[in-house]
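**Student:** TSV, C-alpha atoms, file start.tsv:
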```
chain	number	residue	atom	x	y	z
A	1	MET	CA	28.21	252.11	9.24
A	2	ALA	CA	25.28	254.54	8.97
A	3	TYR	CA	23.18	256.50	11.45
A	4	ILE	CA	19.49	257.33	10.93
A	5	THR	CA	18.47	260.43	12.86
A	6	ARG	CA	15.05	261.41	14.20
A	7	PRO	CA	12.61	262.25	11.38
A	8	ALA	CA	10.85	265.59	11.15
A	9	MET	CA	7.18	265.53	10.15
A	10	ALA	CA	5.00	268.06	8.30
A	11	PHE	CA	1.22	267.79	7.92
A	12	PRO	CA	-1.35	269.91	6.06
A	13	SER	CA	-3.92	271.97	7.90
A	14	HIS	CA	-7.18	270.19	7.04
A	15	GLU	CA	-7.75	267.63	9.80
A	16	ILE	CA	-10.71	265.35	9.11
A	17	THR	CA	-12.10	262.86	11.60
A	18	THR	CA	-13.66	259.64	10.38
A	19	ARG	CA	-17.02	260.78	11.72
A	20	GLU	CA	-16.71	263.99	9.69
A	21	LEU	CA	-15.78	261.95	6.62
A	22	VAL	CA	-18.83	259.72	7.03
A	23	SER	CA	-21.08	262.76	7.54
A	24	HIS	CA	-19.66	264.31	4.37
A	25	LEU	CA	-20.33	261.15	2.36
A	26	ARG	CA	-23.89	260.84	3.73
A	27	ALA	CA	-24.66	264.44	2.76
A	28	ASN	CA	-22.97	264.51	-0.64
A	29	GLN	CA	-23.36	260.94	-1.86
A	30	PRO	CA	-26.80	259.76	-0.69
A	31	GLU	CA	-26.90	257.36	-3.66
A	32	LEU	CA	-23.98	255.30	-2.32
A	33	PRO	CA	-24.69	251.56	-2.68
A	34	HIS	CA	-24.27	249.44	0.45
A	35	SER	CA	-23.60	252.72	2.30
A	36	GLU	CA	-24.04	251.32	5.81
A	37	ARG	CA	-21.63	248.46	5.13
A	38	GLY	CA	-19.27	250.97	3.57
A	39	PHE	CA	-19.38	253.24	6.61
A	40	HIS	CA	-18.76	250.20	8.80
A	41	VAL	CA	-15.65	249.48	6.71
A	42	LEU	CA	-14.52	253.09	7.22
A	43	PHE	CA	-14.70	252.78	11.01
A	44	ASN	CA	-13.00	249.37	10.92
A	45	THR	CA	-9.83	250.98	9.55
A	46	THR	CA	-9.30	252.21	13.15
A	47	VAL	CA	-8.27	255.60	11.71
A	48	GLU	CA	-9.78	258.31	13.90
A	49	ARG	CA	-8.41	261.31	11.98
A	50	ARG	CA	-6.12	262.22	9.14
A	51	ARG	CA	-4.90	265.41	7.44
A	52	PHE	CA	-5.65	266.36	3.86
A	53	SER	CA	-4.06	269.08	1.77
A	54	GLN	CA	-7.49	270.01	0.43
A	55	PRO	CA	-10.89	270.38	2.14
A	56	LEU	CA	-13.30	267.51	1.52
A	57	THR	CA	-15.36	269.63	-0.87
A	58	ALA	CA	-12.35	269.96	-3.18
A	59	PHE	CA	-12.41	266.28	-4.08
A	60	ARG	CA	-15.58	266.85	-6.08
A	61	GLU	CA	-14.33	270.14	-7.54
A	62	LEU	CA	-10.98	268.75	-8.77
A	63	SER	CA	-12.56	266.99	-11.71
A	64	ASP	CA	-9.66	266.08	-14.00
A	65	PHE	CA	-6.19	264.63	-13.80
A	66	GLY	CA	-4.39	267.92	-14.49
A	67	GLU	CA	-6.13	269.80	-11.67
A	68	ARG	CA	-5.66	267.02	-9.17
A	69	ASN	CA	-2.02	266.47	-10.10
A	70	ARG	CA	-1.08	270.15	-9.90
A	71	ALA	CA	-2.73	270.45	-6.48
A	72	ALA	CA	-1.03	267.26	-5.29
A	73	PHE	CA	2.48	268.27	-6.36
A	74	GLN	CA	2.25	271.79	-4.99
A	75	SER	CA	1.10	270.45	-1.63
A	76	LEU	CA	3.76	267.76	-1.36
A	77	LEU	CA	6.47	270.26	-2.35
A	78	ASP	CA	5.39	272.71	0.36
A	79	LEU	CA	5.17	269.93	2.95
A	80	SER	CA	8.57	268.53	1.90
A	81	GLU	CA	10.21	271.92	2.34
A	82	ARG	CA	8.76	272.29	5.84
A	83	ALA	CA	9.87	268.81	6.91
A	84	SER	CA	13.36	269.29	5.42
A	85	LEU	CA	13.96	272.58	7.21
A	86	GLN	CA	12.89	271.00	10.50
A	87	ALA	CA	15.20	268.01	9.96
A	88	LEU	CA	18.18	270.27	9.29
A	89	THR	CA	17.40	272.66	12.14
A	90	GLN	CA	17.11	269.97	14.80
A	91	LEU	CA	20.66	268.81	13.94
A	92	ASP	CA	21.99	272.38	13.59
A	93	LEU	CA	22.80	271.76	9.92
A	94	GLY	CA	22.55	274.02	6.90
A	95	PRO	CA	22.20	273.40	3.15
A	96	ASP	CA	25.98	273.26	2.65
A	97	ASP	CA	26.20	270.32	5.08
A	98	ILE	CA	24.16	268.03	2.80
A	99	ASP	CA	25.98	265.91	0.21
A	100	ALA	CA	23.07	263.92	-1.21
A	101	LEU	CA	19.29	264.18	-1.53
A	102	ILE	CA	16.97	261.19	-1.87
A	103	THR	CA	13.26	261.77	-2.47
A	104	HIS	CA	10.24	259.53	-2.86
A	105	HIS	CA	6.57	260.12	-3.66
A	106	ALA	CA	3.95	258.21	-5.66
A	107	THR	CA	1.45	261.05	-5.98
A	108	GLY	CA	1.99	264.40	-7.68
A	109	LEU	CA	3.86	263.84	-10.95
A	110	ALA	CA	6.19	266.60	-12.17
A	111	LEU	CA	9.20	267.24	-14.39
A	112	PRO	CA	11.57	268.59	-13.11
A	113	GLY	CA	10.91	266.38	-10.13
A	114	LEU	CA	10.58	266.94	-6.42
A	115	ASP	CA	14.34	266.61	-5.94
A	116	VAL	CA	15.15	269.53	-8.24
A	117	HIS	CA	12.37	271.75	-6.88
A	118	LEU	CA	13.45	270.98	-3.32
A	119	ALA	CA	17.14	271.57	-4.02
A	120	ASN	CA	16.26	275.02	-5.33
A	121	ARG	CA	14.01	275.90	-2.42
A	122	LEU	CA	16.53	274.75	0.20
A	123	GLY	CA	19.66	275.97	-1.58
A	124	LEU	CA	21.22	272.50	-1.70
A	125	GLY	CA	24.33	272.01	-3.83
A	126	GLN	CA	24.95	275.74	-4.07
A	127	GLY	CA	27.79	276.03	-1.57
A	128	ALA	CA	31.53	276.18	-2.12
A	129	HIS	CA	31.88	272.70	-3.64
A	130	ARG	CA	28.63	273.03	-5.65
A	131	HIS	CA	27.89	269.33	-5.67
A	132	LEU	CA	24.72	267.47	-4.77
A	133	SER	CA	24.04	263.82	-5.52
A	134	ARG	CA	20.32	263.35	-6.24
A	135	THR	CA	18.24	260.19	-6.26
A	136	PRO	CA	14.58	260.81	-7.13
A	137	MET	CA	12.42	257.76	-6.46
A	138	THR	CA	8.78	256.96	-7.23
A	139	GLN	CA	6.44	254.01	-7.88
A	140	LEU	CA	7.46	252.23	-4.67
A	141	GLY	CA	4.30	253.05	-2.76
A	142	CYS	CA	4.24	252.28	0.95
A	143	ALA	CA	7.66	250.59	0.83
A	144	GLY	CA	9.27	253.75	-0.53
A	145	GLY	CA	10.22	255.23	2.83
A	146	VAL	CA	12.32	252.27	3.98
A	147	GLN	CA	13.76	251.81	0.49
A	148	ALA	CA	14.83	255.47	0.46
A	149	LEU	CA	16.57	254.91	3.80
A	150	ILE	CA	18.31	251.84	2.36
A	151	LYS	CA	19.62	253.95	-0.54
A	152	ALA	CA	20.88	256.51	1.97
A	153	VAL	CA	22.65	253.77	3.92
A	154	ASP	CA	24.23	252.57	0.65
A	155	TYR	CA	25.43	256.09	-0.15
A	156	THR	CA	27.04	256.71	3.24
A	157	ALA	CA	28.79	253.32	3.06
A	158	SER	CA	30.62	254.37	-0.12
A	159	HIS	CA	31.06	258.05	0.84
A	160	PRO	CA	32.67	258.35	4.29
A	161	GLY	CA	31.71	261.54	6.06
A	162	ALA	CA	28.62	262.09	3.89
A	163	ARG	CA	25.28	263.40	5.07
A	164	VAL	CA	22.16	262.40	3.14
A	165	LEU	CA	18.82	264.20	3.36
A	166	VAL	CA	15.95	261.75	2.84
A	167	VAL	CA	12.57	263.31	2.01
A	168	CYS	CA	9.29	261.46	1.45
A	169	ALA	CA	5.89	263.01	0.79
A	170	GLU	CA	2.42	261.94	-0.28
A	171	THR	CA	-0.92	263.60	-0.99
A	172	LEU	CA	-3.01	260.44	-1.04
A	173	GLY	CA	-6.19	262.42	-0.49
A	174	THR	CA	-6.13	263.24	-4.20
A	175	LEU	CA	-6.85	259.55	-4.86
A	176	ILE	CA	-10.36	259.98	-3.41
A	177	HIS	CA	-13.05	260.05	-6.11
A	178	SER	CA	-16.75	260.42	-5.40
A	179	PHE	CA	-17.71	257.95	-8.15
A	180	GLU	CA	-15.64	255.11	-6.64
A	181	THR	CA	-18.07	253.35	-4.32
A	182	SER	CA	-17.00	249.71	-3.88
A	183	LEU	CA	-16.22	248.42	-0.40
A	184	VAL	CA	-12.50	248.43	-1.27
A	185	ASP	CA	-12.83	252.06	-2.39
A	186	MET	CA	-14.55	252.90	0.90
A	187	MET	CA	-11.74	251.25	2.84
A	188	TYR	CA	-9.10	253.39	1.12
A	189	LYS	CA	-11.21	256.52	1.62
A	190	GLY	CA	-10.99	255.78	5.33
A	191	LEU	CA	-7.33	254.79	5.40
A	192	VAL	CA	-5.38	257.45	3.54
A	193	GLY	CA	-3.92	260.77	4.62
A	194	ASP	CA	-1.38	263.39	3.48
A	195	GLY	CA	1.98	264.42	4.90
A	196	ALA	CA	5.73	264.65	4.47
A	197	ALA	CA	8.81	263.57	6.39
A	198	ALA	CA	12.54	264.22	6.28
A	199	CYS	CA	15.54	262.86	8.11
A	200	VAL	CA	19.31	262.95	7.81
A	201	VAL	CA	21.39	259.79	7.44
A	202	THR	CA	25.08	260.15	8.26
A	203	SER	CA	28.19	257.99	8.11
A	204	GLY	CA	29.51	259.45	11.36
A	205	GLN	CA	27.74	259.33	14.70
A	206	PRO	CA	25.68	262.49	15.23
A	207	SER	CA	25.42	264.30	18.55
A	208	ALA	CA	21.72	263.45	18.77
A	209	PRO	CA	20.18	259.98	19.36
A	210	SER	CA	20.09	257.81	16.25
A	211	ILE	CA	19.64	254.30	14.92
A	212	ARG	CA	22.94	252.73	13.88
A	213	VAL	CA	23.03	250.37	10.89
A	214	ILE	CA	26.17	248.42	11.66
A	215	GLU	CA	26.53	246.37	8.47
A	216	PRO	CA	25.18	248.35	5.47
A	217	THR	CA	25.32	245.32	3.18
A	218	THR	CA	23.68	242.71	5.41
A	219	ASP	CA	21.51	244.71	7.82
A	220	VAL	CA	19.25	245.88	4.98
A	221	TRP	CA	16.86	243.71	2.98
A	222	GLU	CA	14.77	244.15	-0.17
A	223	TYR	CA	12.48	241.50	-1.61
A	224	VAL	CA	9.99	241.05	-4.45
A	225	LEU	CA	7.38	238.32	-3.92
A	226	PRO	CA	7.09	236.26	-7.13
A	227	ASP	CA	3.85	236.45	-9.12
A	228	SER	CA	2.43	239.29	-7.02
A	229	ILE	CA	2.20	242.15	-9.54
A	230	ALA	CA	-1.61	242.29	-9.43
A	231	PHE	CA	-1.91	242.44	-5.62
A	232	TYR	CA	-1.68	246.26	-5.49
A	233	SER	CA	-2.05	248.68	-8.37
A	234	MET	CA	-2.27	252.35	-9.28
A	235	THR	CA	-3.92	253.33	-12.54
A	236	PHE	CA	-4.35	256.65	-14.35
A	237	ASP	CA	-7.11	258.14	-16.46
A	238	HIS	CA	-8.60	261.54	-17.26
A	239	SER	CA	-10.02	261.87	-13.74
A	240	GLY	CA	-6.74	261.24	-11.91
A	241	GLN	CA	-4.90	258.45	-10.10
A	242	HIS	CA	-6.71	255.40	-8.72
A	243	PHE	CA	-5.44	252.86	-6.19
A	244	GLY	CA	-6.73	249.35	-5.68
A	245	SER	CA	-5.84	245.94	-4.31
A	246	THR	CA	-6.99	242.34	-4.39
A	247	LYS	CA	-7.70	239.90	-1.56
A	248	ASP	CA	-4.29	238.34	-2.22
A	249	ALA	CA	-2.63	241.51	-0.87
A	250	LEU	CA	-3.55	240.59	2.69
A	251	THR	CA	-2.01	237.11	2.50
A	252	ALA	CA	1.18	238.39	0.83
A	253	VAL	CA	2.70	239.14	4.25
A	254	ASP	CA	2.40	235.44	5.14
A	255	LYS	CA	4.11	234.44	1.90
A	256	ALA	CA	6.97	236.88	2.42
A	257	ALA	CA	7.45	235.93	6.08
A	258	LEU	CA	9.80	232.99	5.60
A	259	PRO	CA	12.42	234.81	3.49
A	260	MET	CA	12.16	237.81	5.84
A	261	LEU	CA	12.61	235.68	8.95
A	262	THR	CA	15.56	233.94	7.28
A	263	TRP	CA	17.21	237.34	6.81
A	264	MET	CA	16.30	238.57	10.29
A	265	ARG	CA	17.74	235.48	11.98
A	266	ARG	CA	20.66	234.72	9.68
A	267	GLU	CA	23.19	235.11	12.52
A	268	LYS	CA	21.07	234.29	15.56
A	269	THR	CA	18.20	231.86	15.09
A	270	GLU	CA	16.24	233.23	18.05
A	271	TRP	CA	16.79	236.92	17.24
A	272	SER	CA	13.81	239.14	17.94
A	273	PRO	CA	13.60	242.94	17.98
A	274	ASP	CA	13.51	245.08	21.11
A	275	TYR	CA	11.62	247.79	19.21
A	276	CYS	CA	9.85	247.99	15.84
A	277	ALA	CA	8.90	250.64	13.32
A	278	ILE	CA	6.50	248.85	10.97
A	279	HIS	CA	4.53	250.55	8.20
A	280	PRO	CA	0.87	250.72	9.32
A	281	GLY	CA	-0.82	249.58	6.13
A	282	GLY	CA	-4.03	248.81	8.01
A	283	PRO	CA	-5.14	247.00	11.19
A	284	ARG	CA	-5.44	243.60	9.52
A	285	VAL	CA	-2.05	244.01	7.87
A	286	LEU	CA	-0.48	244.72	11.26
A	287	ASP	CA	-2.27	241.69	12.70
A	288	ARG	CA	-0.77	239.53	9.93
A	289	ILE	CA	2.70	240.97	10.49
A	290	SER	CA	2.52	240.27	14.21
A	291	GLY	CA	1.62	236.63	13.62
A	292	ALA	CA	3.78	235.89	10.58
A	293	LEU	CA	6.96	237.50	11.93
A	294	ASP	CA	6.39	236.49	15.56
A	295	ILE	CA	6.42	240.13	16.70
A	296	GLU	CA	4.96	240.84	20.13
A	297	GLU	CA	1.89	243.08	20.00
A	298	HIS	CA	3.31	245.77	22.30
A	299	LEU	CA	6.08	246.39	19.74
A	300	LEU	CA	3.43	247.53	17.24
A	301	GLN	CA	1.88	250.18	19.51
A	302	GLU	CA	3.61	253.08	17.70
A	303	SER	CA	2.45	251.73	14.32
A	304	ARG	CA	-1.14	251.44	15.52
A	305	ALA	CA	-1.00	254.91	17.09
A	306	SER	CA	0.27	256.40	13.82
A	307	LEU	CA	-2.52	254.69	11.88
A	308	ARG	CA	-5.13	255.88	14.37
A	309	GLU	CA	-3.96	259.51	14.42
A	310	CYS	CA	-2.64	260.05	10.87
A	311	GLY	CA	-4.02	257.29	8.67
A	312	ASN	CA	-1.89	255.52	6.07
A	313	ILE	CA	0.36	258.17	4.49
A	314	GLY	CA	2.11	255.75	2.13
A	315	CYS	CA	5.90	256.10	2.14
A	316	VAL	CA	5.67	258.79	4.85
A	317	SER	CA	4.09	256.57	7.51
A	318	ILE	CA	7.28	254.73	8.44
A	319	PHE	CA	8.86	258.05	9.41
A	320	ASP	CA	5.93	258.99	11.63
A	321	VAL	CA	6.21	255.61	13.36
A	322	LEU	CA	9.96	256.11	13.64
A	323	ALA	CA	9.53	259.62	15.09
A	324	ARG	CA	7.18	258.18	17.72
A	325	THR	CA	9.73	255.45	18.44
A	326	PHE	CA	12.41	258.08	19.05
A	327	ARG	CA	10.12	259.68	21.65
A	328	SER	CA	9.46	256.35	23.39
A	329	SER	CA	11.39	254.74	26.24
A	330	ILE	CA	14.06	252.86	24.27
A	331	ARG	CA	17.12	252.26	26.42
A	332	GLY	CA	20.67	250.98	25.96
A	333	LYS	CA	21.72	249.40	22.70
A	334	ALA	CA	18.30	248.00	21.81
A	335	GLN	CA	18.09	246.06	18.57
A	336	GLY	CA	15.28	247.09	16.27
A	337	LEU	CA	13.49	246.44	13.00
A	338	LEU	CA	12.23	248.93	10.42
A	339	ALA	CA	10.00	247.38	7.75
A	340	ALA	CA	7.49	248.35	5.09
A	341	PHE	CA	5.53	246.57	2.38
A	342	GLY	CA	4.40	247.95	-0.94
A	343	PRO	CA	3.05	247.28	-4.42
A	344	GLY	CA	4.65	244.41	-6.18
A	345	PHE	CA	4.31	242.77	-3.55
A	346	THR	CA	7.60	244.19	-2.24
A	347	CYS	CA	9.29	244.33	1.14
A	348	ALA	CA	12.06	246.55	2.51
A	349	ALA	CA	13.61	246.27	5.95
A	350	ILE	CA	16.50	247.52	8.07
A	351	LYS	CA	17.97	246.19	11.31
A	352	GLY	CA	19.39	248.90	13.54
A	353	GLU	CA	20.86	249.45	16.98
A	354	TRP	CA	19.58	252.27	19.19
A	355	THR	CA	22.37	254.78	19.85
A	356	PRO	CA	21.60	257.29	22.65
```
Write the structure described by the file as structure tokens, please.

**Tutor:**
Amino acid sequence: MAYITRPAMAFPSHEITTRELVSHLRANQPELPHSERGFHVLFNTTVERRRFSQPLTAFRELSDFGERNRAAFQSLLDLSERASLQALTQLDLGPDDIDALITHHATGLALPGLDVHLANRLGLGQGAHRHLSRTPMTQLGCAGGVQALIKAVDYTASHPGARVLVVCAETLGTLIHSFETSLVDMMYKGLVGDGAAACVVTSGQPSAPSIRVIEPTTDVWEYVLPDSIAFYSMTFDHSGQHFGSTKDALTAVDKAALPMLTWMRREKTEWSPDYCAIHPGGPRVLDRISGALDIEEHLLQESRASLRECGNIGCVSIFDVLARTFRSSIRGKAQGLLAAFGPGFTCAAIKGEWTP
């Protein structure tokens, strides 16, 4: 049995509205092809604002991979530290109370990795027993947050009494390049944002509200859709990291729905969640999820609110949705679903019971 506690969020200071983003592109890229269609795509993301670790002008000034990567890693490290300290403080925990650290990020490459830098900043593994299990994760994209939680659930199942600190961070703003002008590029310019999240997963029930994963082996699910490698991709060159997708990415949710529904309803054929925390990949993705998984629209309101107010923050988004869910009006022992989808095409999901 494992308990997922309320996530703590950390965001950078540069808040950019979509109108400000469009004004910036009009002023600085007047040569944009199909600009009006592109701006229409930006507004169709439904994102009203997002936070970036850098001002918009920096995306033209950070001209090579090294500069962008250093800025990205420094930002996600600072944000991760802030989120981690908040997560520990709200449970009245200190560094010596943490037995394991699991991190995930797809932006900001570094060696030593985020886990080692964070352990040093927080003083993890430096107490009396001087032990810290570390699991650094990357390359999982938007599914990384739920997959990190699954690894934490796995760890607590085999280590009774353990507390795991899960930290996810992204600086997706560094993927914005002025020379990328296709309609798909414009969509991602409008979608992405930066941020970090942290939460503690325990094997014993905490004093604060939590989500209880009753069966760690069967209440979690990971899936790779066959022949879907090209649906989403991240590439690297001298100018930095680049993200793209194909039209098949949108229909991948439909193709993964049957195996996911089979898992969701393995014990009760009519099972449906009382609450949901679904990764907000985009408005059309959420529409697909609602239809393919037979999820009532009102259960996606926290996902749509997160997308509207923060954008798509990759692996971090699921924690923002989850934090909003903790603040909502869940009552009793409500049964819920946490799910995210990422490059591959991959899926990760958890079923959990609300524990007041």

**Student:** For stretch 21-34 of chain A, find every residue with an atom within 7 Å (counting all atoms listed in the file), except residues of its own chain fewer than 5 positions away, and show them as a list in words.

**Tutor:**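 Contacts, in chain order: Ile16, Phe39 and Thr181 of chain A.
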
**Student:** Give me the residues near stretch 259-272 of chain A as an NGL selection string, where near means some atom within 12 Å (using only C-alpha atoms) and where sequence neighbours in that chain fewer than 6 positions away do not count.

**Tutor:** :A and (217-226 or 253 or 289-296 or 299 or 334-341 or 346-352)

**Student:** At a cut-off of 6 Å, using only C-alpha atoms, what residues contact stretch 149-164 of chain A? Leave out same-chain residues fewer than 2 positions from it and give the result as a PyMOL selection string.

**Tutor:** chain A and resi 2+98-101+146-147+200-203

**Student:** Name the residues in contact with A:Ala208 at a cut-off of 8 Å, using all atoms listed in the file, excluding same-chain residues fewer than 6 positions from it; report them as a list of chain:residue names.

**Tutor:**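 Residues near the query, excluding close chain neighbours: A:Thr5, A:Leu91, A:Pro356.
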
**Student:** One decimal, in Å: what's the spacing between atom CA of A:Ile214 and atom CA of A:Tyr3?

**Tutor:**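 Atom CA of A:Tyr3 lies 8.6 Å from atom CA of A:Ile214.
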
**Student:** Could you tell me how far atom CA of A:Ser233 lies from atom CA of A:Leu172, in Å and to one decimal?

**Tutor:**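 Result for atom CA of A:Ser233 versus atom CA of A:Leu172: 13.9 Å, one decimal.
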
**Student:** If we count only C-alpha atoms, what is near A:Ala196 at a cut-off of 7 Å, once residues fewer than 4 positions away on the same chain are taken out, given as a list in words?

**Tutor:**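 Using only C-alpha atoms, the neighbours found are Met9, Ala10, Phe11, Leu76, Leu79, Ser80, Ala83, Cys168, Ala169, Glu170 and Val316 of chain A.
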
**Student:** Could you take the residues named above and write them with C-alpha atoms, as a JSON list (two decimals), in the coordinates of the input?

**Tutor:**
```json
[["chain", "number", "residue", "atom", "x", "y", "z"],
["A", 9, "MET", "CA", 7.18, 265.53, 10.15],
["A", 10, "ALA", "CA", 5.00, 268.06, 8.30],
["A", 11, "PHE", "CA", 1.22, 267.79, 7.92],
["A", 76, "LEU", "CA", 3.76, 267.76, -1.36],
["A", 79, "LEU", "CA", 5.17, 269.93, 2.95],
["A", 80, "SER", "CA", 8.57, 268.53, 1.90],
["A", 83, "ALA", "CA", 9.87, 268.81, 6.91],
["A", 168, "CYS", "CA", 9.29, 261.46, 1.45],
["A", 169, "ALA", "CA", 5.89, 263.01, 0.79],
["A", 170, "GLU", "CA", 2.42, 261.94, -0.28],
["A", 316, "VAL", "CA", 5.67, 258.79, 4.85]]
```

**Student:** I need the residue nearest A:Val41 from this list: A:Arg308, A:Lys189, A:Arg324, A:His242. Use all atoms listed in the file for the distance.

**Tutor:**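 Using all atoms listed in the file, the shortest distance to A:Val41 belongs to A:Lys189.
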
**Student:** For the point (17.5, 271.1, -0.3) in file coordinates, what residues are within 8 Å, counting only C-alpha atoms? Give the answer as number ranges by chain?

**Tutor:** A: 81, 84, 95, 98, 101, 115, 118-125, 165

**Student:** Nearest to A:Asp64 among A:Asp78, A:Asp320, A:Asp97, A:Asp237, with distances taken over only C-alpha atoms: which residue is it?

**Tutor:** A:Asp237

**Student:** List the residues sitting within 12 Å of (9.9, 255.3, 14.8) in the file's frame, using all atoms listed in the file, as a ChimeraX atom specification.

**Tutor:** /A:4-9,145-146,197,199,210-211,275-280,299-306,316-330,336-339,352,354

**Student:** Tell me which of A:Ala58, A:Leu42, A:Ala148, A:Met186 sits closest to A:Thr174, counting only C-alpha atoms.

**Tutor:**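 Nearest to A:Thr174: A:Ala58.
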
**Student:** Could you jot down the atom CA of A:Asp274 to atom CA of A:Pro206 separation for me, Å, one decimal place?

**Tutor:**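 Taking atom CA of A:Asp274 as the start and atom CA of A:Pro206 as the end point, the length is 22.0 Å.
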
**Student:** Rank A:Thr246, A:Gln86, A:Ser13, A:Ser35 by their smallest atom-to-atom distance to A:Pro55, using all atoms listed in the file, and report the top residue only.

**Tutor:**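 Result for the nearest residue to A:Pro55: A:Ser13.
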
**Student:** From the list A:Ala87, A:Ser133, A:Ser245, A:His177, which residue is nearest A:Gly342 when using all atoms listed in the file?

**Tutor:** A:Ser245

**Student:** Closest to A:Ala198 among A:Ala256, A:Ile102, A:Ala249, A:Cys142, using all atoms listed in the file?

**Tutor:**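 The shortest atom-to-atom distance to A:Ala198 comes from A:Ile102.
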
**Student:** Because some atoms of stretch 296-308 of chain A are absent here, can you restore N, CA, C and O atoms and send them as an mmCIF file, keeping the file's coordinate frame?

**Tutor:**
```
data_model
loop_
_atom_site.group_PDB
_atom_site.id
_atom_site.type_symbol
_atom_site.label_atom_id
_atom_site.label_comp_id
_atom_site.auth_asym_id
_atom_site.auth_seq_id
_atom_site.Cartn_x
_atom_site.Cartn_y
_atom_site.Cartn_z
ATOM 1 N N GLU A 296 5.868 240.637 19.003
ATOM 2 C CA GLU A 296 4.960 240.840 20.130
ATOM 3 C C GLU A 296 4.104 242.087 19.886
ATOM 4 O O GLU A 296 4.584 243.094 19.372
ATOM 5 N N GLU A 297 2.851 242.019 20.281
ATOM 6 C CA GLU A 297 1.890 243.080 20.000
ATOM 7 C C GLU A 297 2.328 244.433 20.543
ATOM 8 O O GLU A 297 2.122 245.464 19.896
ATOM 9 N N HIS A 298 2.944 244.465 21.716
ATOM 10 C CA HIS A 298 3.310 245.770 22.300
ATOM 11 C C HIS A 298 4.353 246.492 21.455
ATOM 12 O O HIS A 298 4.489 247.718 21.556
ATOM 13 N N LEU A 299 5.089 245.756 20.600
ATOM 14 C CA LEU A 299 6.080 246.390 19.740
ATOM 15 C C LEU A 299 5.432 247.089 18.544
ATOM 16 O O LEU A 299 6.109 247.804 17.813
ATOM 17 N N LEU A 300 4.137 246.881 18.347
ATOM 18 C CA LEU A 300 3.430 247.530 17.240
ATOM 19 C C LEU A 300 2.593 248.724 17.714
ATOM 20 O O LEU A 300 1.840 249.298 16.924
ATOM 21 N N GLN A 301 2.746 249.116 18.983
ATOM 22 C CA GLN A 301 1.880 250.180 19.510
ATOM 23 C C GLN A 301 2.116 251.512 18.805
ATOM 24 O O GLN A 301 1.168 252.281 18.593
ATOM 25 N N GLU A 302 3.363 251.812 18.395
ATOM 26 C CA GLU A 302 3.610 253.080 17.700
ATOM 27 C C GLU A 302 3.015 253.037 16.291
ATOM 28 O O GLU A 302 2.529 254.052 15.776
ATOM 29 N N SER A 303 3.049 251.874 15.649
ATOM 30 C CA SER A 303 2.450 251.730 14.320
ATOM 31 C C SER A 303 0.936 251.916 14.397
ATOM 32 O O SER A 303 0.333 252.611 13.567
ATOM 33 N N ARG A 304 0.315 251.308 15.385
ATOM 34 C CA ARG A 304 -1.140 251.440 15.520
ATOM 35 C C ARG A 304 -1.531 252.866 15.915
ATOM 36 O O ARG A 304 -2.566 253.371 15.465
ATOM 37 N N ALA A 305 -0.707 253.525 16.720
ATOM 38 C CA ALA A 305 -1.000 254.910 17.090
ATOM 39 C C ALA A 305 -0.893 255.831 15.873
ATOM 40 O O ALA A 305 -1.710 256.737 15.682
ATOM 41 N N SER A 306 0.108 255.597 15.039
ATOM 42 C CA SER A 306 0.270 256.400 13.820
ATOM 43 C C SER A 306 -0.928 256.211 12.894
ATOM 44 O O SER A 306 -1.463 257.178 12.345
ATOM 45 N N LEU A 307 -1.362 254.973 12.720
ATOM 46 C CA LEU A 307 -2.520 254.690 11.880
ATOM 47 C C LEU A 307 -3.764 255.369 12.437
ATOM 48 O O LEU A 307 -4.541 255.980 11.681
ATOM 49 N N ARG A 308 -3.946 255.304 13.727
ATOM 50 C CA ARG A 308 -5.130 255.880 14.370
ATOM 51 C C ARG A 308 -5.162 257.407 14.226
ATOM 52 O O ARG A 308 -6.208 257.995 13.975
#
```
